[in-house]
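Student: Here you go, this is target_12.cif (mmCIF, C-alpha atoms).
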data_my_file
#
loop_
_atom_site.label_atom_id
_atom_site.label_comp_id
_atom_site.auth_asym_id
_atom_site.auth_seq_id
_atom_site.Cartn_x
_atom_site.Cartn_y
_atom_site.Cartn_z
CA MET A 1 -46.38 -9.84 79.40
CA LYS A 2 -44.49 -12.44 81.33
CA THR A 3 -43.01 -9.81 83.59
CA THR A 4 -46.41 -8.30 84.28
CA ARG A 5 -47.81 -11.70 85.17
CA ALA A 6 -44.90 -12.43 87.41
CA LEU A 7 -45.30 -9.06 89.04
CA ILE A 8 -49.01 -9.56 89.63
CA GLY A 9 -48.23 -13.01 90.97
CA ALA A 10 -45.65 -11.64 93.34
CA LEU A 11 -47.99 -8.88 94.47
CA LEU A 12 -50.79 -11.38 95.04
CA GLY A 13 -48.41 -13.55 96.97
CA VAL A 14 -47.38 -10.68 99.16
CA THR A 15 -51.00 -9.68 99.75
CA LEU A 16 -51.88 -13.25 100.72
CA ILE A 17 -49.03 -13.50 103.16
CA ALA A 18 -49.91 -10.14 104.62
CA SER A 19 -53.62 -10.86 105.06
CA ALA A 20 -53.49 -14.41 106.32
CA ALA A 21 -51.34 -16.78 108.29
CA PRO A 22 -51.20 -20.00 106.34
CA LEU A 23 -49.55 -22.78 108.23
CA LYS A 24 -46.86 -25.02 106.84
CA THR A 25 -47.99 -28.61 106.72
CA ASP A 26 -45.64 -31.11 108.27
CA VAL A 27 -46.20 -33.96 105.83
CA ALA A 28 -44.16 -36.46 107.84
CA HIS A 29 -46.59 -36.13 110.74
CA SER A 30 -49.72 -35.90 108.66
CA SER A 31 -51.77 -38.62 107.06
CA VAL A 32 -54.88 -39.11 105.01
CA SER A 33 -56.40 -42.57 104.87
CA ALA A 34 -59.61 -44.28 103.93
CA VAL A 35 -61.19 -47.15 105.81
CA PHE A 36 -63.39 -49.35 103.68
CA LYS A 37 -65.14 -52.59 104.48
CA GLN A 38 -64.53 -55.49 102.18
CA MET A 39 -66.81 -58.44 102.98
CA ASP A 40 -67.19 -56.81 106.42
CA VAL A 41 -63.43 -56.70 106.89
CA PRO A 42 -62.31 -53.18 107.77
CA VAL A 43 -59.20 -52.24 105.82
CA GLU A 44 -57.38 -48.95 106.22
CA SER A 45 -55.08 -47.65 103.50
CA ASN A 46 -53.15 -44.42 103.22
CA PHE A 47 -52.90 -41.87 100.49
CA LYS A 48 -49.15 -41.43 100.10
CA ARG A 49 -49.31 -38.03 98.44
CA PHE A 50 -51.47 -35.13 99.45
CA SER A 51 -51.12 -31.50 100.31
CA ALA A 52 -52.95 -29.45 102.89
CA GLN A 53 -53.16 -25.70 103.23
CA ILE A 54 -54.58 -24.65 106.52
CA ASP A 55 -54.95 -21.10 107.59
CA TYR A 56 -55.70 -21.12 111.27
CA ASP A 57 -55.28 -18.70 114.08
CA ALA A 58 -56.24 -20.07 117.49
CA ALA A 59 -57.42 -16.56 118.46
CA HIS A 60 -59.79 -16.40 115.49
CA PRO A 61 -60.81 -19.96 114.63
CA GLU A 62 -63.86 -18.73 112.70
CA LYS A 63 -61.55 -17.14 110.16
CA ALA A 64 -59.85 -20.41 109.43
CA THR A 65 -59.83 -21.95 105.99
CA ALA A 66 -58.64 -25.31 104.83
CA ARG A 67 -57.90 -26.99 101.57
CA VAL A 68 -56.70 -30.54 101.09
CA ASP A 69 -55.70 -32.05 97.76
CA ILE A 70 -55.18 -35.76 97.48
CA ASP A 71 -53.33 -37.58 94.77
CA THR A 72 -55.81 -40.39 94.07
CA ALA A 73 -53.24 -42.60 92.37
CA SER A 74 -51.24 -42.67 95.60
CA PHE A 75 -53.71 -44.87 97.48
CA ASP A 76 -51.50 -47.58 98.93
CA MET A 77 -53.23 -50.89 99.52
CA GLY A 78 -49.96 -52.62 100.25
CA GLN A 79 -49.56 -54.38 96.92
CA ALA A 80 -48.37 -52.88 93.67
CA ASP A 81 -50.99 -54.60 91.49
CA TYR A 82 -53.79 -53.51 93.84
CA ASN A 83 -52.54 -49.94 93.75
CA LYS A 84 -52.55 -50.01 89.98
CA GLU A 85 -56.08 -51.39 89.96
CA ILE A 86 -57.49 -48.74 92.30
CA ALA A 87 -56.26 -45.98 89.99
CA LYS A 88 -58.26 -47.44 87.11
CA LYS A 89 -61.49 -46.17 85.65
CA GLU A 90 -63.82 -48.27 87.84
CA TRP A 91 -62.36 -46.82 91.02
CA PHE A 92 -60.60 -43.45 91.14
CA ASN A 93 -60.03 -43.01 87.42
CA SER A 94 -56.84 -41.18 88.31
CA ALA A 95 -55.92 -40.59 84.67
CA GLN A 96 -58.92 -38.32 84.25
CA PHE A 97 -59.32 -37.22 87.87
CA PRO A 98 -55.85 -37.15 89.40
CA LYS A 99 -56.93 -35.15 92.44
CA ALA A 100 -59.62 -35.41 95.06
CA SER A 101 -60.04 -32.25 97.05
CA PHE A 102 -61.71 -30.70 100.01
CA VAL A 103 -62.24 -26.96 100.27
CA SER A 104 -63.76 -25.52 103.41
CA SER A 105 -66.59 -23.00 103.17
CA SER A 106 -67.02 -22.38 106.87
CA ILE A 107 -65.22 -23.34 110.02
CA LYS A 108 -66.98 -22.68 113.30
CA PRO A 109 -65.64 -23.17 116.79
CA ALA A 110 -67.58 -25.81 118.72
CA GLY A 111 -66.11 -25.88 122.19
CA ALA A 112 -62.57 -26.30 123.42
CA GLY A 113 -60.34 -27.84 120.77
CA LYS A 114 -63.28 -28.54 118.50
CA LEU A 115 -64.35 -27.07 115.21
CA ASN A 116 -67.28 -27.74 112.94
CA VAL A 117 -66.21 -27.74 109.35
CA THR A 118 -68.36 -27.56 106.27
CA GLY A 119 -67.13 -27.51 102.75
CA LYS A 120 -67.05 -29.12 99.38
CA LEU A 121 -65.61 -32.52 98.76
CA THR A 122 -64.73 -33.42 95.19
CA ILE A 123 -63.90 -36.95 94.20
CA LYS A 124 -63.84 -38.27 90.66
CA GLY A 125 -65.30 -35.03 89.33
CA LYS A 126 -68.32 -35.12 91.63
CA THR A 127 -68.73 -32.48 94.29
CA ALA A 128 -70.81 -32.82 97.43
CA ASP A 129 -71.37 -30.63 100.47
CA VAL A 130 -70.00 -32.24 103.57
CA SER A 131 -69.65 -31.28 107.19
CA PHE A 132 -67.72 -32.94 109.93
CA PRO A 133 -66.27 -32.25 113.37
CA LEU A 134 -62.59 -31.48 113.57
CA SER A 135 -60.41 -31.51 116.64
CA VAL A 136 -57.42 -29.27 117.01
CA LYS A 137 -54.72 -29.48 119.60
CA PRO A 138 -51.26 -27.94 119.89
CA GLU A 139 -48.51 -30.50 119.79
CA GLY A 140 -44.79 -29.77 119.73
CA GLY A 141 -45.20 -26.21 118.53
CA LYS A 142 -47.62 -27.25 115.81
CA GLN A 143 -51.36 -27.48 115.52
CA VAL A 144 -52.66 -30.96 114.91
CA PHE A 145 -56.00 -31.22 113.16
CA GLU A 146 -57.72 -34.55 113.28
CA GLY A 147 -61.02 -35.75 112.05
CA GLN A 148 -62.96 -38.30 110.11
CA LEU A 149 -65.56 -37.99 107.48
CA PRO A 150 -67.84 -40.86 106.49
CA ILE A 151 -68.88 -40.75 102.88
CA LYS A 152 -70.79 -42.99 100.48
CA ARG A 153 -68.42 -44.11 97.77
CA LEU A 154 -71.21 -44.65 95.21
CA ALA A 155 -72.22 -41.00 95.50
CA PHE A 156 -68.85 -40.27 93.90
CA ASN A 157 -69.01 -43.14 91.46
CA VAL A 158 -66.09 -44.85 93.13
CA GLY A 159 -66.51 -48.52 92.28
CA GLU A 160 -68.28 -48.92 88.98
CA GLY A 161 -69.46 -52.00 87.14
CA GLU A 162 -69.09 -55.18 89.17
CA TRP A 163 -67.84 -53.11 92.11
CA HIS A 164 -71.22 -51.42 92.39
CA ASP A 165 -72.15 -54.40 94.56
CA THR A 166 -71.98 -53.11 98.15
CA SER A 167 -71.98 -56.62 99.61
CA MET A 168 -68.39 -56.94 98.41
CA VAL A 169 -67.19 -53.45 99.28
CA ALA A 170 -69.50 -51.46 101.54
CA ASP A 171 -70.86 -48.14 100.34
CA GLU A 172 -69.69 -46.32 103.44
CA VAL A 173 -66.05 -45.33 103.47
CA VAL A 174 -64.53 -43.32 106.29
CA ILE A 175 -61.90 -40.78 105.34
CA LYS A 176 -59.53 -40.22 108.24
CA PHE A 177 -57.03 -37.46 108.39
CA ARG A 178 -54.48 -35.92 110.62
CA VAL A 179 -52.72 -32.76 109.58
CA ALA A 180 -49.88 -31.32 111.62
CA ALA A 181 -49.10 -27.75 110.65
CA GLY A 182 -47.18 -24.89 112.11
CA GLN A 183 -45.64 -21.54 111.28
CA MET B 1 -54.30 -110.31 111.66
CA GLN B 2 -57.60 -110.19 113.54
CA ALA B 3 -56.06 -108.17 116.34
CA GLN B 4 -54.57 -105.74 113.86
CA LYS B 5 -57.85 -105.21 112.03
CA ALA B 6 -59.60 -104.32 115.24
CA GLN B 7 -57.00 -101.62 115.95
CA ARG B 8 -58.30 -98.42 114.54
CA TYR B 9 -58.16 -94.79 115.33
CA THR B 10 -61.09 -93.49 117.35
CA THR B 11 -64.03 -92.10 115.39
CA THR B 12 -63.16 -88.61 116.65
CA ALA B 13 -59.61 -88.92 115.35
CA ILE B 14 -60.85 -90.23 111.99
CA VAL B 15 -63.39 -87.43 111.57
CA LEU B 16 -60.81 -84.77 112.52
CA HIS B 17 -58.20 -86.28 110.18
CA TRP B 18 -60.45 -86.22 107.12
CA LEU B 19 -62.00 -82.86 107.88
CA ILE B 20 -58.58 -81.29 108.24
CA ALA B 21 -57.34 -83.10 105.13
CA ALA B 22 -60.26 -81.83 103.04
CA LEU B 23 -59.87 -78.27 104.34
CA ILE B 24 -56.13 -78.27 103.72
CA VAL B 25 -56.54 -79.50 100.14
CA GLY B 26 -59.29 -76.92 99.58
CA ALA B 27 -57.46 -73.98 101.16
CA PHE B 28 -54.20 -74.91 99.45
CA SER B 29 -55.80 -75.11 95.98
CA LEU B 30 -57.76 -71.92 96.59
CA GLY B 31 -54.52 -70.25 97.69
CA LEU B 32 -52.87 -71.10 94.38
CA VAL B 33 -55.91 -70.05 92.33
CA MET B 34 -56.59 -66.76 94.12
CA THR B 35 -53.00 -65.54 94.01
CA ASP B 36 -53.00 -66.24 90.29
CA ILE B 37 -55.90 -63.86 89.60
CA PRO B 38 -54.40 -60.59 88.36
CA GLY B 39 -55.36 -57.23 89.89
CA PHE B 40 -58.40 -57.64 92.05
CA THR B 41 -61.89 -58.77 91.32
CA PRO B 42 -64.86 -59.57 93.55
CA THR B 43 -64.14 -63.26 92.95
CA LYS B 44 -60.58 -62.82 94.14
CA LEU B 45 -61.69 -61.06 97.33
CA ARG B 46 -64.25 -63.79 97.95
CA TYR B 47 -61.61 -66.51 97.49
CA TYR B 48 -59.28 -64.73 99.89
CA ALA B 49 -62.03 -64.62 102.50
CA TRP B 50 -62.87 -68.32 102.04
CA HIS B 51 -59.19 -69.22 102.12
CA LYS B 52 -58.77 -67.43 105.46
CA TRP B 53 -61.92 -68.95 106.94
CA ALA B 54 -60.72 -72.42 105.91
CA GLY B 55 -57.28 -71.75 107.38
CA VAL B 56 -58.67 -70.57 110.71
CA THR B 57 -60.93 -73.64 110.79
CA VAL B 58 -57.91 -75.89 110.19
CA LEU B 59 -56.17 -74.21 113.12
CA LEU B 60 -59.15 -74.74 115.44
CA LEU B 61 -59.54 -78.38 114.37
CA ALA B 62 -55.78 -78.91 114.70
CA ALA B 63 -55.99 -77.73 118.31
CA LEU B 64 -58.86 -80.15 118.99
CA ARG B 65 -56.96 -82.88 117.25
CA LEU B 66 -53.79 -82.34 119.26
CA LEU B 67 -55.75 -82.41 122.52
CA TRP B 68 -57.45 -85.60 121.43
CA ARG B 69 -54.16 -87.16 120.37
CA LEU B 70 -52.58 -86.39 123.74
CA LYS B 71 -55.37 -88.26 125.50
CA ASN B 72 -55.76 -91.14 123.06
CA ARG B 73 -52.90 -93.34 121.95
CA PRO B 74 -53.07 -94.15 118.27
CA PRO B 75 -53.27 -97.83 117.30
CA GLU B 76 -49.95 -99.63 117.05
CA LEU B 77 -48.17 -99.87 113.74
CA PRO B 78 -47.94 -103.41 112.28
CA ALA B 79 -45.44 -105.47 114.25
CA ALA B 80 -43.79 -106.60 111.02
CA MET B 81 -42.89 -103.02 110.07
CA PRO B 82 -39.10 -102.38 110.09
CA ALA B 83 -37.88 -100.10 112.86
CA TRP B 84 -36.64 -97.42 110.45
CA GLN B 85 -40.09 -97.20 108.88
CA LYS B 86 -41.66 -96.83 112.29
CA SER B 87 -39.36 -93.97 113.22
CA ALA B 88 -39.87 -92.39 109.82
CA ALA B 89 -43.64 -92.65 110.29
CA HIS B 90 -43.44 -91.10 113.75
CA GLY B 91 -41.16 -88.33 112.53
CA LEU B 92 -43.44 -87.53 109.62
CA HIS B 93 -46.51 -87.47 111.86
CA HIS B 94 -44.79 -85.10 114.26
CA LEU B 95 -43.89 -82.81 111.39
CA LEU B 96 -47.44 -82.94 110.03
CA TYR B 97 -48.76 -81.94 113.44
CA VAL B 98 -46.35 -79.02 113.58
CA MET B 99 -47.29 -77.93 110.07
CA ILE B 100 -51.08 -77.99 110.53
CA PHE B 101 -50.42 -75.30 113.13
CA ALA B 102 -47.54 -73.48 111.45
CA VAL B 103 -49.26 -73.00 108.08
CA PRO B 104 -52.49 -71.37 109.30
CA VAL B 105 -50.62 -69.37 111.97
CA SER B 106 -48.21 -67.99 109.34
CA GLY B 107 -51.18 -67.07 107.14
CA TYR B 108 -52.95 -65.37 110.01
CA LEU B 109 -49.86 -63.37 110.98
CA TYR B 110 -49.37 -62.46 107.32
CA THR B 111 -52.89 -61.12 106.86
CA LEU B 112 -52.60 -59.09 110.10
CA ALA B 113 -49.28 -57.65 108.92
CA ALA B 114 -50.96 -56.80 105.61
CA GLY B 115 -53.58 -54.88 107.61
CA VAL B 116 -56.49 -57.16 106.71
CA PRO B 117 -58.04 -58.77 109.78
CA VAL B 118 -60.07 -61.97 109.47
CA VAL B 119 -63.82 -61.67 109.94
CA TYR B 120 -64.69 -65.32 110.51
CA PHE B 121 -67.48 -66.38 108.15
CA GLY B 122 -68.34 -62.71 107.88
CA LEU B 123 -69.69 -62.90 111.43
CA PHE B 124 -67.08 -61.60 113.83
CA GLN B 125 -63.61 -60.23 113.72
CA LEU B 126 -60.82 -62.41 115.08
CA PRO B 127 -58.17 -60.88 117.33
CA VAL B 128 -55.80 -58.31 115.87
CA PHE B 129 -52.74 -58.30 118.11
CA TYR B 130 -50.48 -56.07 116.10
CA ALA B 131 -50.87 -53.19 113.70
CA LYS B 132 -50.40 -53.25 109.95
CA ASN B 133 -46.73 -53.73 109.17
CA PRO B 134 -45.81 -53.78 105.46
CA ALA B 135 -42.17 -54.77 106.15
CA LEU B 136 -43.31 -57.76 108.20
CA ALA B 137 -45.87 -58.67 105.54
CA GLU B 138 -43.08 -58.81 102.96
CA ILE B 139 -41.28 -61.35 105.12
CA LEU B 140 -44.34 -63.41 106.04
CA LYS B 141 -45.57 -63.75 102.47
CA PRO B 142 -42.76 -66.12 101.34
CA VAL B 143 -42.77 -67.76 104.78
CA HIS B 144 -46.44 -68.68 104.38
CA TYR B 145 -45.85 -69.82 100.80
CA TRP B 146 -42.87 -72.08 101.58
CA LEU B 147 -44.44 -73.55 104.71
CA ASN B 148 -47.32 -74.52 102.43
CA MET B 149 -44.98 -76.08 99.90
CA PHE B 150 -43.24 -77.98 102.69
CA LEU B 151 -46.61 -79.19 104.01
CA ALA B 152 -47.59 -80.25 100.47
CA ALA B 153 -44.38 -82.30 100.22
CA LEU B 154 -45.05 -83.93 103.61
CA VAL B 155 -48.63 -84.72 102.58
CA ALA B 156 -47.36 -86.28 99.35
CA VAL B 157 -45.02 -88.59 101.29
CA HIS B 158 -47.79 -89.33 103.81
CA VAL B 159 -50.26 -90.29 101.07
CA LEU B 160 -47.72 -92.34 99.10
CA ALA B 161 -46.71 -94.22 102.26
CA ALA B 162 -50.34 -94.94 103.11
CA LEU B 163 -50.99 -96.21 99.58
CA LYS B 164 -47.86 -98.34 99.70
CA HIS B 165 -49.06 -99.98 102.93
CA GLN B 166 -52.49 -100.51 101.45
CA PHE B 167 -51.57 -101.87 98.03
CA VAL B 168 -48.01 -103.16 98.32
CA ASP B 169 -47.67 -104.37 101.90
CA ARG B 170 -51.39 -104.99 102.37
CA ASP B 171 -50.84 -104.70 106.11
CA GLY B 172 -54.03 -102.84 107.10
CA THR B 173 -52.17 -99.69 108.16
CA MET B 174 -54.36 -97.40 106.07
CA ARG B 175 -57.59 -99.01 107.18
CA ARG B 176 -56.96 -97.75 110.69
CA MET B 177 -57.77 -94.24 109.49
CA LEU B 178 -60.54 -95.06 107.02
CA PRO B 179 -64.17 -94.45 107.88
CA GLY B 180 -66.31 -97.54 108.30
CA ARG B 181 -67.26 -100.08 110.91
CA SER B 182 -64.54 -101.71 112.90
CA THR B 183 -64.63 -105.46 112.62
#
Represent the structure contained in this file as structure tokens.
Tutor:
Amino acid sequence: MKTTRALIGALLGVTLIASAAPLKTDVAHSSVSAVFKQMDVPVESNFKRFSAQIDYDAAHPEKATARVDIDTASFDMGQADYNKEIAKKEWFNSAQFPKASFVSSSIKPAGAGKLNVTGKLTIKGKTADVSFPLSVKPEGGKQVFEGQLPIKRLAFNVGEGEWHDTSMVADEVVIKFRVAAGQ
Amino acid sequence: MQAQKAQRYTTTAIVLHWLIAALIVGAFSLGLVMTDIPGFTPTKLRYYAWHKWAGVTVLLLAALRLLWRLKNRPPELPAAMPAWQKSAAHGLHHLLYVMIFAVPVSGYLYTLAAGVPVVYFGLFQLPVFYAKNPALAEILKPVHYWLNMFLAALVAVHVLAALKHQFVDRDGTMRRMLPGRST
């Protein structure tokens, strides 16, 4: 049984490699952050752990696919007790929802170095259709994908209870990302 | 005695002194309270904002006060005061002047290093002249704290000395800085 599964897995792996050209993400030169406004003060914090699988061929951008998984407990606000707080139930509820993810459903070229991406964004167990412009440029033998996606945090239940108050933390949060990936 | 009574600080100097004093006591107390709140709560964020607004206001008033002081000589100290007390008083006043700048400046640099700019009274963002720098923030945090403790110690000596002049020496030194009509 185990052998069969391993065999199927290996075969699937081979098929995937053969049919597509997934790029290797260069984590050191990639970042995912969120900019939120707290009493009108813009604060940007990074997610320390995430993974991105991008399958992109500059010759066939419309065939591209992308998937990003973010470790919600890795949101770094610069202070250990803040980081612990943000992982709690009111915010990301990382114990129950350890990952936030984005999976593309279509990627369309939109002029030189530009792509229009649509897909599904899942945060805290809630999924929403999103679309956003993405720029792509070659840099040091890699492709660098950059973009930002404004979302409403309350649509994903991020900030419950007393944090529902958008005068303290604004509803709009901008997710910024930069993914460097190459062969 | 008559001549001494008539010697007072200018109304501008008196107003600036007491405004700055009140703001320093307020911001200092708030600083201790807010950093004692575990995790983060809306109240904590609000206190941080007020603390920063108060600190920036102290800095602005300190600048006005220094300009005013440079153009207006303070009233003479009582002639009967021993020379060592006069030099001690001058030294302490110089230090207090340095500290009413150093404390808010250290706080401002700290919050910039922590990546949280100051939006003054929620109205406009004050200059951000360097990017978020967690390593620098780690250094500036104790710097800001100990500058505050040093200022608190100076204020304690300042207040005790003023009270001693008022109630022990009864030499009218304190009255020079008290509000009220000059006689």
Student: Translate the PyMOL selection byres ((chain A and resi 167) around 10) into a concrete residue list for this structure, as a list in words.
Tutor: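 This file gives the following for the PyMOL selection byres ((chain A and resi 167) around 10): Lys37, Gln38, Met39, Asp40, Trp163, His164, Asp165, Thr166, Met168, Val169, Ala170 and Asp171 of chain A; Pro42 of chain B.
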Student: Produce a file of the selected residues containing C-alpha atoms, as a PDB file, in the frame of the given file.
Tutor:
ATOM      1  CA  LYS A  37     -65.140 -52.590 104.480  1.00  0.00           C
ATOM      2  CA  GLN A  38     -64.530 -55.490 102.180  1.00  0.00           C
ATOM      3  CA  MET A  39     -66.810 -58.440 102.980  1.00  0.00           C
ATOM      4  CA  ASP A  40     -67.190 -56.810 106.420  1.00  0.00           C
ATOM      5  CA  TRP A 163     -67.840 -53.110  92.110  1.00  0.00           C
ATOM      6  CA  HIS A 164     -71.220 -51.420  92.390  1.00  0.00           C
ATOM      7  CA  ASP A 165     -72.150 -54.400  94.560  1.00  0.00           C
ATOM      8  CA  THR A 166     -71.980 -53.110  98.150  1.00  0.00           C
ATOM      9  CA  MET A 168     -68.390 -56.940  98.410  1.00  0.00           C
ATOM     10  CA  VAL A 169     -67.190 -53.450  99.280  1.00  0.00           C
ATOM     11  CA  ALA A 170     -69.500 -51.460 101.540  1.00  0.00           C
ATOM     12  CA  ASP A 171     -70.860 -48.140 100.340  1.00  0.00           C
TER      13      ASP A 171
ATOM     14  CA  PRO B  42     -64.860 -59.570  93.550  1.00  0.00           C
TER      15      PRO B  42
END
Student: Could you tell me which residues the PyMOL selection byres ((chain B) within 7 of (chain A)) returns for this structure, as a list of chain:residue names?
Tutor: B:Gly39, B:Phe40, B:Pro42, B:Ala114, B:Gly115, B:Val116, B:Pro117, B:Val118, B:Val119, B:Gly122, B:Pro134
Student: Keeping C-alpha atoms for every residue in the selection just given, could you write it to a file as a compact mmCIF listing (two decimals), in the coordinates of the input?
Tutor:
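Just written: selection_28.txt:
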# COMPACT_ATOMS: atom_id res chain seq x y z
CA GLY B 39 -55.36 -57.23 89.89
CA PHE B 40 -58.40 -57.64 92.05
CA PRO B 42 -64.86 -59.57 93.55
CA ALA B 114 -50.96 -56.80 105.61
CA GLY B 115 -53.58 -54.88 107.61
CA VAL B 116 -56.49 -57.16 106.71
CA PRO B 117 -58.04 -58.77 109.78
CA VAL B 118 -60.07 -61.97 109.47
CA VAL B 119 -63.82 -61.67 109.94
CA GLY B 122 -68.34 -62.71 107.88
CA PRO B 134 -45.81 -53.78 105.46
Student: Grab the atom CA of Pro22 of chain A to atom CA of Pro138 of chain A distance for me, in Å with one decimal place.
Tutor: 15.7 Å
Student: Given the PyMOL selection byres ((chain A and resi 26) around 8) and the file above, list the residues it selects as JSON, numbers by chain.
Tutor: {"A": [24, 25, 27, 28, 29, 30, 179, 180, 181, 182]}
Student: Skipping near chain neighbours, those fewer than 2 positions away, what residues fall within 9 Å of segment 5-21 of chain B using all atoms listed in the file, listed as an MDAnalysis selection string?
Tutor: chainID B and resid 1:3 23:26 57:59 61:62 64:65 68:69 72:76 100 172:173 175:179 182:183
Student: Take atom CA of Pro109 of chain A and atom CA of Val68 of chain A and report the distance between them in Å, one decimal.
Tutor: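 Result for atom CA of Pro109 of chain A versus atom CA of Val68 of chain A: 19.5 Å, one decimal.
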Student: Within 6 Å of Asn116 of chain A, counting only C-alpha atoms, which residues show up once you throw out same-chain ones fewer than 2 positions away? Write them as a list in words, please.
Tutor: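 Listed by chain and then number, they are Ile107, Lys108 and Pro133 of chain A.
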Student: Can you pull out every residue within 12 Å of Ala34 of chain A, counting only C-alpha atoms, but drop anything in the same chain fewer than 2 positions away, and send it as a VMD selection string?
Tutor: chain A and resid 31 to 32 36 to 37 42 to 48 70 72 74 to 77 147 to 153 172 to 178
Student: Find the smallest box with edges along x, y and z containing every listed atom of segment 130-145 of chain A, then add 3 Å on each side and report centre and edge lengths in Å to one decimal, as JSON.
Tutor:
{"center_x": -57.4, "center_y": -29.6, "center_z": 111.7, "size_x": 31.2, "size_y": 12.7, "size_z": 22.3}
Student: Between atom CA of Ser101 of chain A and atom CA of Arg67 of chain A, measure the distance and give it in Å to one decimal.
Tutor: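 Rounded to one decimal, the two atoms are 7.3 Å apart.
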Student: Go through A:Asp55, A:Glu62, A:Asp69, A:Glu90 one by one, measure the shortest atom-to-atom distance of each to Asn157 of chain A using all atoms listed in the file, and give the residue with the smallest value.
Tutor: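 Using all atoms listed in the file, the shortest distance to Asn157 of chain A belongs to A:Glu90.
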Student: Counting all atoms listed in the file, what is within 10 Å of Tyr145 of chain B, bar same-chain residues fewer than 2 positions away, as a list in words?
Tutor: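 Near Tyr145 of chain B, the qualifying residues are Phe28, Gly31, Leu32, Val103, Ser106, Gly107, Leu140, Lys141, Pro142, Val143, Leu147, Asn148, Met149, Phe150 and Leu151 of chain B.
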Student: Given all atoms listed in the file as the basis, pick out the residue of B:Ala80, B:Val105, B:Tyr120, B:Leu112 nearest to Asp171 of chain B.
Tutor: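 Of B:Ala80, B:Val105, B:Tyr120, B:Leu112, the one nearest Asp171 of chain B is B:Ala80, counting all atoms listed in the file.
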Student: Could you complete segment 96-107 of chain A so that it carries N, CA and C atoms, and give it back as an mmCIF file, in the frame of the given file?
Tutor:
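Listing of rebuild25.cif after writing:
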data_model
loop_
_atom_site.group_PDB
_atom_site.id
_atom_site.type_symbol
_atom_site.label_atom_id
_atom_site.label_comp_id
_atom_site.auth_asym_id
_atom_site.auth_seq_id
_atom_site.Cartn_x
_atom_site.Cartn_y
_atom_site.Cartn_z
ATOM 1 N N GLN A 96 -58.055 -39.459 84.548
ATOM 2 C CA GLN A 96 -58.920 -38.320 84.250
ATOM 3 C C GLN A 96 -59.096 -37.407 85.464
ATOM 4 N N PHE A 97 -59.124 -38.003 86.642
ATOM 5 C CA PHE A 97 -59.320 -37.220 87.870
ATOM 6 C C PHE A 97 -58.162 -37.474 88.826
ATOM 7 N N PRO A 98 -57.026 -36.855 88.569
ATOM 8 C CA PRO A 98 -55.850 -37.150 89.400
ATOM 9 C C PRO A 98 -55.984 -36.690 90.855
ATOM 10 N N LYS A 99 -56.831 -35.701 91.088
ATOM 11 C CA LYS A 99 -56.930 -35.150 92.440
ATOM 12 C C LYS A 99 -58.332 -35.293 93.020
ATOM 13 N N ALA A 100 -58.374 -35.553 94.304
ATOM 14 C CA ALA A 100 -59.620 -35.410 95.060
ATOM 15 C C ALA A 100 -59.335 -34.234 95.986
ATOM 16 N N SER A 101 -60.346 -33.428 96.245
ATOM 17 C CA SER A 101 -60.040 -32.250 97.050
ATOM 18 C C SER A 101 -61.151 -31.919 98.034
ATOM 19 N N PHE A 102 -60.745 -31.243 99.064
ATOM 20 C CA PHE A 102 -61.710 -30.700 100.010
ATOM 21 C C PHE A 102 -61.379 -29.227 100.198
ATOM 22 N N VAL A 103 -62.421 -28.397 100.070
ATOM 23 C CA VAL A 103 -62.240 -26.960 100.270
ATOM 24 C C VAL A 103 -63.271 -26.514 101.296
ATOM 25 N N SER A 104 -62.813 -25.918 102.360
ATOM 26 C CA SER A 104 -63.760 -25.520 103.410
ATOM 27 C C SER A 104 -64.555 -24.289 102.975
ATOM 28 N N SER A 105 -65.815 -24.215 103.414
ATOM 29 C CA SER A 105 -66.590 -23.000 103.170
ATOM 30 C C SER A 105 -66.856 -22.277 104.484
ATOM 31 N N SER A 106 -66.938 -23.048 105.572
ATOM 32 C CA SER A 106 -67.020 -22.380 106.870
ATOM 33 C C SER A 106 -66.440 -23.253 107.963
ATOM 34 N N ILE A 107 -65.776 -22.626 108.883
ATOM 35 C CA ILE A 107 -65.220 -23.340 110.020
ATOM 36 C C ILE A 107 -65.690 -22.593 111.266
#
